[in-house]
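Raw contents of query.pdb, PDB, C-alpha atoms:
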```
ATOM      1  CA  MET P   1      75.314  -8.684 -78.318  1.00  0.00           C
ATOM      2  CA  GLY P   2      72.617 -11.055 -77.033  1.00  0.00           C
ATOM      3  CA  MET P   3      72.244 -12.368 -73.530  1.00  0.00           C
ATOM      4  CA  THR P   4      73.822 -15.644 -72.569  1.00  0.00           C
ATOM      5  CA  GLU P   5      71.565 -18.504 -71.516  1.00  0.00           C
ATOM      6  CA  ILE P   6      72.657 -17.963 -67.915  1.00  0.00           C
ATOM      7  CA  GLU P   7      71.846 -14.236 -68.038  1.00  0.00           C
ATOM      8  CA  LEU P   8      68.497 -15.010 -69.625  1.00  0.00           C
ATOM      9  CA  PHE P   9      67.753 -17.600 -66.930  1.00  0.00           C
ATOM     10  CA  VAL P  10      68.664 -15.083 -64.205  1.00  0.00           C
ATOM     11  CA  GLU P  11      66.409 -12.443 -65.796  1.00  0.00           C
ATOM     12  CA  ARG P  12      63.483 -14.880 -66.100  1.00  0.00           C
ATOM     13  CA  CYS P  13      63.865 -15.971 -62.461  1.00  0.00           C
ATOM     14  CA  ARG P  14      64.015 -12.360 -61.306  1.00  0.00           C
ATOM     15  CA  ASP P  15      60.932 -11.424 -63.379  1.00  0.00           C
ATOM     16  CA  GLU P  16      59.037 -14.335 -61.870  1.00  0.00           C
ATOM     17  CA  THR P  17      60.272 -13.521 -58.353  1.00  0.00           C
ATOM     18  CA  GLU P  18      59.019  -9.949 -58.791  1.00  0.00           C
ATOM     19  CA  MET P  19      55.529 -11.231 -59.677  1.00  0.00           C
ATOM     20  CA  VAL P  20      55.534 -13.650 -56.727  1.00  0.00           C
ATOM     21  CA  SER P  21      56.591 -10.758 -54.460  1.00  0.00           C
ATOM     22  CA  ARG P  22      53.612  -8.734 -55.719  1.00  0.00           C
ATOM     23  CA  LEU P  23      51.390 -11.716 -54.988  1.00  0.00           C
ATOM     24  CA  ILE P  24      52.814 -11.927 -51.445  1.00  0.00           C
ATOM     25  CA  VAL P  25      51.893  -8.279 -50.810  1.00  0.00           C
ATOM     26  CA  LEU P  26      48.321  -9.033 -51.927  1.00  0.00           C
ATOM     27  CA  LEU P  27      48.167 -12.224 -49.845  1.00  0.00           C
ATOM     28  CA  GLU P  28      49.353 -10.295 -46.787  1.00  0.00           C
ATOM     29  CA  GLN P  29      46.681  -7.651 -47.407  1.00  0.00           C
ATOM     30  CA  GLU P  30      44.115 -10.423 -47.846  1.00  0.00           C
ATOM     31  CA  GLN P  31      45.238 -11.990 -44.572  1.00  0.00           C
ATOM     32  CA  GLY P  32      44.866  -8.643 -42.796  1.00  0.00           C
ATOM     33  CA  ALA P  33      41.378  -8.177 -44.239  1.00  0.00           C
ATOM     34  CA  LEU P  34      40.359 -11.717 -43.234  1.00  0.00           C
ATOM     35  CA  VAL P  35      41.638 -11.358 -39.679  1.00  0.00           C
ATOM     36  CA  ALA P  36      40.024  -7.916 -39.319  1.00  0.00           C
ATOM     37  CA  GLY P  37      36.759  -9.159 -40.860  1.00  0.00           C
ATOM     38  CA  ASP P  38      36.995  -6.439 -43.544  1.00  0.00           C
ATOM     39  CA  ILE P  39      34.967  -8.285 -46.175  1.00  0.00           C
ATOM     40  CA  MET P  40      34.619  -5.223 -48.425  1.00  0.00           C
ATOM     41  CA  GLN P  41      38.370  -5.297 -49.083  1.00  0.00           C
ATOM     42  CA  LEU P  42      38.390  -8.924 -50.271  1.00  0.00           C
ATOM     43  CA  GLU P  43      36.780  -8.470 -53.693  1.00  0.00           C
ATOM     44  CA  PRO P  44      39.204  -5.805 -54.997  1.00  0.00           C
ATOM     45  CA  LEU P  45      42.077  -7.890 -53.612  1.00  0.00           C
ATOM     46  CA  ALA P  46      40.759 -10.951 -55.458  1.00  0.00           C
ATOM     47  CA  ASP P  47      40.659  -8.935 -58.705  1.00  0.00           C
ATOM     48  CA  SER P  48      44.243  -7.754 -58.156  1.00  0.00           C
ATOM     49  CA  LYS P  49      45.362 -11.302 -57.327  1.00  0.00           C
ATOM     50  CA  THR P  50      43.844 -12.563 -60.581  1.00  0.00           C
ATOM     51  CA  LEU P  51      45.831 -10.017 -62.608  1.00  0.00           C
ATOM     52  CA  VAL P  52      49.080 -10.836 -60.795  1.00  0.00           C
ATOM     53  CA  LEU P  53      48.497 -14.589 -61.138  1.00  0.00           C
ATOM     54  CA  GLU P  54      47.947 -14.183 -64.889  1.00  0.00           C
ATOM     55  CA  ALA P  55      51.215 -12.219 -65.205  1.00  0.00           C
ATOM     56  CA  LEU P  56      52.963 -14.773 -62.990  1.00  0.00           C
ATOM     57  CA  ALA P  57      51.767 -17.620 -65.221  1.00  0.00           C
ATOM     58  CA  GLU P  58      53.258 -15.850 -68.255  1.00  0.00           C
ATOM     59  CA  LYS P  59      56.594 -15.292 -66.481  1.00  0.00           C
ATOM     60  CA  GLY P  60      56.649 -18.888 -65.282  1.00  0.00           C
ATOM     61  CA  LYS P  61      55.929 -20.165 -68.773  1.00  0.00           C
ATOM     62  CA  ALA P  62      58.776 -18.065 -70.196  1.00  0.00           C
ATOM     63  CA  ARG P  63      61.193 -19.526 -67.635  1.00  0.00           C
ATOM     64  CA  GLN P  64      59.932 -23.073 -68.238  1.00  0.00           C
ATOM     65  CA  LEU P  65      60.407 -22.696 -71.999  1.00  0.00           C
ATOM     66  CA  LEU P  66      63.996 -21.622 -71.372  1.00  0.00           C
ATOM     67  CA  THR P  67      64.702 -24.527 -69.021  1.00  0.00           C
ATOM     68  CA  GLN P  68      63.230 -26.933 -71.593  1.00  0.00           C
ATOM     69  CA  LYS P  69      65.456 -25.367 -74.259  1.00  0.00           C
ATOM     70  CA  LEU P  70      68.397 -25.978 -71.918  1.00  0.00           C
ATOM     71  CA  GLY P  71      67.324 -29.634 -71.651  1.00  0.00           C
ATOM     72  CA  LEU P  72      66.295 -29.342 -68.001  1.00  0.00           C
ATOM     73  CA  SER P  73      63.091 -31.275 -67.390  1.00  0.00           C
ATOM     74  CA  GLY P  74      62.670 -31.273 -63.635  1.00  0.00           C
ATOM     75  CA  LEU P  75      63.405 -29.477 -60.408  1.00  0.00           C
ATOM     76  CA  ALA P  76      66.411 -31.690 -59.615  1.00  0.00           C
ATOM     77  CA  GLU P  77      67.939 -30.989 -63.036  1.00  0.00           C
ATOM     78  CA  VAL P  78      67.462 -27.211 -62.644  1.00  0.00           C
ATOM     79  CA  ARG P  79      69.081 -27.330 -59.198  1.00  0.00           C
ATOM     80  CA  ALA P  80      72.011 -29.348 -60.571  1.00  0.00           C
ATOM     81  CA  TRP P  81      72.421 -26.929 -63.510  1.00  0.00           C
ATOM     82  CA  VAL P  82      72.512 -23.806 -61.298  1.00  0.00           C
ATOM     83  CA  ALA P  83      74.816 -25.408 -58.688  1.00  0.00           C
ATOM     84  CA  ASP P  84      78.034 -24.051 -60.224  1.00  0.00           C
ATOM     85  CA  LYS P  85      76.552 -20.813 -61.627  1.00  0.00           C
ATOM     86  CA  GLN P  86      76.481 -18.283 -58.775  1.00  0.00           C
ATOM     87  CA  LYS P  87      74.108 -15.674 -60.257  1.00  0.00           C
ATOM     88  CA  ALA P  88      71.756 -18.317 -61.635  1.00  0.00           C
ATOM     89  CA  ARG P  89      71.801 -20.186 -58.312  1.00  0.00           C
ATOM     90  CA  GLN P  90      71.069 -16.997 -56.336  1.00  0.00           C
ATOM     91  CA  ALA P  91      68.192 -16.066 -58.653  1.00  0.00           C
ATOM     92  CA  TRP P  92      66.779 -19.609 -58.485  1.00  0.00           C
ATOM     93  CA  VAL P  93      67.028 -19.842 -54.668  1.00  0.00           C
ATOM     94  CA  MET P  94      65.348 -16.430 -54.347  1.00  0.00           C
ATOM     95  CA  LEU P  95      62.528 -17.600 -56.627  1.00  0.00           C
ATOM     96  CA  GLU P  96      62.051 -20.851 -54.679  1.00  0.00           C
ATOM     97  CA  ASP P  97      62.089 -19.048 -51.309  1.00  0.00           C
ATOM     98  CA  THR P  98      59.632 -16.397 -52.500  1.00  0.00           C
ATOM     99  CA  MET P  99      57.298 -19.042 -53.948  1.00  0.00           C
ATOM    100  CA  GLN P 100      57.411 -20.989 -50.688  1.00  0.00           C
ATOM    101  CA  LYS P 101      56.471 -17.874 -48.706  1.00  0.00           C
ATOM    102  CA  ALA P 102      53.556 -17.194 -51.074  1.00  0.00           C
ATOM    103  CA  GLN P 103      52.412 -20.807 -50.762  1.00  0.00           C
ATOM    104  CA  VAL P 104      52.416 -20.656 -46.943  1.00  0.00           C
ATOM    105  CA  LEU P 105      50.428 -17.399 -46.952  1.00  0.00           C
ATOM    106  CA  ASN P 106      47.955 -18.770 -49.482  1.00  0.00           C
ATOM    107  CA  GLN P 107      47.419 -21.939 -47.416  1.00  0.00           C
ATOM    108  CA  PHE P 108      46.876 -19.891 -44.253  1.00  0.00           C
ATOM    109  CA  ASN P 109      44.327 -17.665 -46.009  1.00  0.00           C
ATOM    110  CA  GLY P 110      42.559 -20.709 -47.447  1.00  0.00           C
ATOM    111  CA  ARG P 111      42.282 -22.350 -44.020  1.00  0.00           C
ATOM    112  CA  TYR P 112      41.100 -19.075 -42.488  1.00  0.00           C
ATOM    113  CA  ILE P 113      38.406 -18.730 -45.160  1.00  0.00           C
ATOM    114  CA  ASN P 114      37.277 -22.348 -44.656  1.00  0.00           C
ATOM    115  CA  GLN P 115      37.076 -21.867 -40.883  1.00  0.00           C
ATOM    116  CA  GLY P 116      35.055 -18.710 -41.446  1.00  0.00           C
ATOM    117  CA  LEU P 117      32.663 -20.563 -43.737  1.00  0.00           C
ATOM    118  CA  GLU P 118      32.172 -23.338 -41.168  1.00  0.00           C
ATOM    119  CA  THR P 119      31.529 -20.780 -38.422  1.00  0.00           C
ATOM    120  CA  THR P 120      29.062 -18.932 -40.659  1.00  0.00           C
ATOM    121  CA  GLN P 121      27.216 -22.163 -41.486  1.00  0.00           C
ATOM    122  CA  ARG P 122      26.934 -23.077 -37.791  1.00  0.00           C
ATOM    123  CA  ALA P 123      25.692 -19.568 -36.998  1.00  0.00           C
ATOM    124  CA  LEU P 124      23.085 -19.766 -39.774  1.00  0.00           C
ATOM    125  CA  LYS P 125      21.829 -23.122 -38.468  1.00  0.00           C
ATOM    126  CA  ALA P 126      21.532 -21.673 -34.962  1.00  0.00           C
ATOM    127  CA  LEU P 127      19.720 -18.581 -36.269  1.00  0.00           C
ATOM    128  CA  LYS P 128      17.311 -20.715 -38.308  1.00  0.00           C
ATOM    129  CA  ALA P 129      16.586 -22.876 -35.267  1.00  0.00           C
ATOM    130  CA  ALA P 130      16.037 -19.791 -33.101  1.00  0.00           C
ATOM    131  CA  ALA P 131      13.784 -18.199 -35.742  1.00  0.00           C
ATOM    132  CA  ALA P 132      11.781 -21.401 -36.097  1.00  0.00           C
ATOM    133  CA  ALA P 133      11.313 -21.661 -32.333  1.00  0.00           C
ATOM    134  CA  THR P 134      10.284 -18.005 -32.148  1.00  0.00           C
ATOM    135  CA  MET P 135       7.769 -18.502 -34.942  1.00  0.00           C
ATOM    136  CA  GLY P 136       6.154 -21.361 -33.080  1.00  0.00           C
ATOM    137  CA  TYR P 137       7.459 -24.127 -35.323  1.00  0.00           C
ATOM    138  CA  GLY P 138       9.795 -26.931 -34.380  1.00  0.00           C
ATOM    139  CA  ARG P 139      12.927 -27.885 -36.290  1.00  0.00           C
ATOM    140  CA  ASP P 140      10.951 -30.496 -38.226  1.00  0.00           C
ATOM    141  CA  GLY P 141       8.475 -27.848 -39.373  1.00  0.00           C
ATOM    142  CA  SER P 142       5.630 -28.925 -37.078  1.00  0.00           C
ATOM    143  CA  GLN P 143       3.849 -26.342 -34.987  1.00  0.00           C
ATOM    144  CA  ALA P 144       5.231 -26.224 -31.486  1.00  0.00           C
ATOM    145  CA  PRO P 145       2.791 -25.705 -28.624  1.00  0.00           C
ATOM    146  CA  LEU P 146       2.516 -22.023 -27.815  1.00  0.00           C
ATOM    147  CA  PRO P 147       3.429 -21.137 -24.275  1.00  0.00           C
ATOM    148  CA  VAL P 148       0.303 -20.364 -22.269  1.00  0.00           C
ATOM    149  CA  GLY P 149       0.234 -18.071 -19.269  1.00  0.00           C
ATOM    150  CA  GLY P 150      -1.031 -19.182 -15.885  1.00  0.00           C
ATOM    151  CA  ARG P 151      -3.980 -16.760 -15.784  1.00  0.00           C
ATOM    152  CA  HIS P 152      -7.343 -17.152 -17.419  1.00  0.00           C
ATOM    153  CA  LEU P 153      -9.226 -14.380 -19.086  1.00  0.00           C
ATOM    154  CA  GLY P 154     -11.383 -12.477 -16.691  1.00  0.00           C
ATOM    155  CA  SER P 155      -9.519 -13.494 -13.585  1.00  0.00           C
ATOM    156  CA  ALA P 156      -7.393 -10.881 -11.940  1.00  0.00           C
TER
END
```
Show me this structure written as structure tokens.
Amino acid sequence: MGMTEIELFVERCRDETEMVSRLIVLLEQEQGALVAGDIMQLEPLADSKTLVLEALAEKGKARQLLTQKLGLSGLAEVRAWVADKQKARQAWVMLEDTMQKAQVLNQFNGRYINQGLETTQRALKALKAAAAATMGYGRDGSQAPLPVGGRHLGSA
């Protein structure tokens, strides 16, 4: 006996929720690495995120194909359809809540990365200015006057 449309919808939502939950774990690890400044951990996390996002896209597409088959074209229609179907509604609410949590984490990490980039750029500008001054050149590339001591050669 095949699954009913409701059971299939519940299964698709749960599959997608599982992938989003995996993404949340990675986003939390990414957040920890960002806050701790553990840059070496970011690349393997990015690779893992890519794999999970690809799987998530497949799960999402499978659910969207089902909702289209059911004649549901938008978020409001899906919510109306699940309203009187307890298991479908629970699975859908869990998926929405999990996606919202992932979105918040992803936005935080994105802002944290952008702030880090701005700080790094300011630090690089300051270092370049300090290096230029140390080398005897001004910010515009012209040679700055070298500081001269108060004593002359031969006078002690």
Edge lengths and centre, in Å to one decimal, as lines of an AutoDock Vina configuration file: that's what I need for the box along x, y and z that holds all listed atoms of segment 89-102 of chain P plus 6 Å on each side.
```
center_x = 62.7
center_y = -18.5
center_z = -53.7
size_x = 30.2
size_y = 16.9
size_z = 21.9
```
Tell me which of P:Lys61, P:Ala102, P:Lys69, P:Gln29 sits closest to Cys13 of chain P, counting all atoms listed in the file. P:Lys61
Pull out every residue that the PyMOL selection byres ((chain P and resi 31) around 9) matches in the shown coordinates and put them as a ChimeraX atom specification. /P:26-30,32-36,105-106,108-109,112
Let me make sure I understand: among P:Leu72, P:Val104, P:Ala126, P:Val52, which one has the smallest atom-to-atom distance to Ser21 of chain P if we use all atoms listed in the file?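 Of P:Leu72, P:Val104, P:Ala126, P:Val52, the one nearest Ser21 of chain P is P:Val52, counting all atoms listed in the file.
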Mind giving me the straight-line distance from atom CA of Glu18 of chain P to atom CA of Asp97 of chain P in Å, one decimal?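 According to the coordinates, atom CA of Glu18 of chain P and atom CA of Asp97 of chain P are separated by 12.2 Å.
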Which of these residues is nearest to Met99 of chain P, using only C-alpha atoms: P:Leu42, P:Leu51, P:Leu8, P:Leu56?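 Distance minimum relative to Met99 of chain P lands on P:Leu56.
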Residue neighbourhood Val78 of chain P, 10 Å, all atoms listed in the file, exclusion window fewer than 3 positions, as a PDB file with C-alpha atoms, in the frame of the given file:
```pdb
ATOM      1  CA  THR P  67      64.702 -24.527 -69.021  1.00  0.00           C
ATOM      2  CA  GLN P  68      63.230 -26.933 -71.593  1.00  0.00           C
ATOM      3  CA  LEU P  70      68.397 -25.978 -71.918  1.00  0.00           C
ATOM      4  CA  GLY P  71      67.324 -29.634 -71.651  1.00  0.00           C
ATOM      5  CA  LEU P  72      66.295 -29.342 -68.001  1.00  0.00           C
ATOM      6  CA  SER P  73      63.091 -31.275 -67.390  1.00  0.00           C
ATOM      7  CA  GLY P  74      62.670 -31.273 -63.635  1.00  0.00           C
ATOM      8  CA  LEU P  75      63.405 -29.477 -60.408  1.00  0.00           C
ATOM      9  CA  TRP P  81      72.421 -26.929 -63.510  1.00  0.00           C
ATOM     10  CA  VAL P  82      72.512 -23.806 -61.298  1.00  0.00           C
ATOM     11  CA  ALA P  83      74.816 -25.408 -58.688  1.00  0.00           C
ATOM     12  CA  ALA P  88      71.756 -18.317 -61.635  1.00  0.00           C
ATOM     13  CA  ARG P  89      71.801 -20.186 -58.312  1.00  0.00           C
ATOM     14  CA  TRP P  92      66.779 -19.609 -58.485  1.00  0.00           C
TER      15      TRP P  92
END
```
Would you kindly translate the PyMOL selection byres ((chain P and resi 7) around 12) into the concrete residues it picks from this file, as an MDAnalysis selection string? chainID P and resid 2:6 8:14 63 66 82 85:89 91
For a test of reading the model, state the distance in Å between atom CA of Glu118 of chain P and atom CA of Ala46 of chain P, rounded to one decimal.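 Separation of atom CA of Glu118 of chain P and atom CA of Ala46 of chain P: 20.8 Å.
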Would you list the contacts of Glu16 of chain P as a PyMOL selection string, taking every protein, DNA or RNA residue within 8 Å and counting all atoms listed in the file, but skipping same-chain residues closer than 5 positions in sequence? chain P and resi 56+59-60+95
So that I have them on file, write out the residues from the current selection with C-alpha atoms, as a tab-separated table (two decimals), in the frame of the given file.
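Everything below was put into again.tsv:
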```
chain	number	residue	atom	x	y	z
P	56	LEU	CA	52.96	-14.77	-62.99
P	59	LYS	CA	56.59	-15.29	-66.48
P	60	GLY	CA	56.65	-18.89	-65.28
P	95	LEU	CA	62.53	-17.60	-56.63
```
For Leu45 of chain P, which residue out of P:Met19, P:Val25, P:Glu58, P:Arg79 is the nearest one, using all atoms listed in the file? P:Val25
Atom-to-atom span, atom CA of Thr98 of chain P and atom CA of Asp15 of chain P, Å: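 Atom-to-atom, atom CA of Thr98 of chain P and atom CA of Asp15 of chain P are spaced 12.0 Å apart.
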I'd like to know which of P:Gln121, P:Gly116, P:Gln64, P:Glu54 is closest to Ile39 of chain P, using only C-alpha atoms.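 Using only C-alpha atoms, the shortest distance to Ile39 of chain P belongs to P:Gly116.
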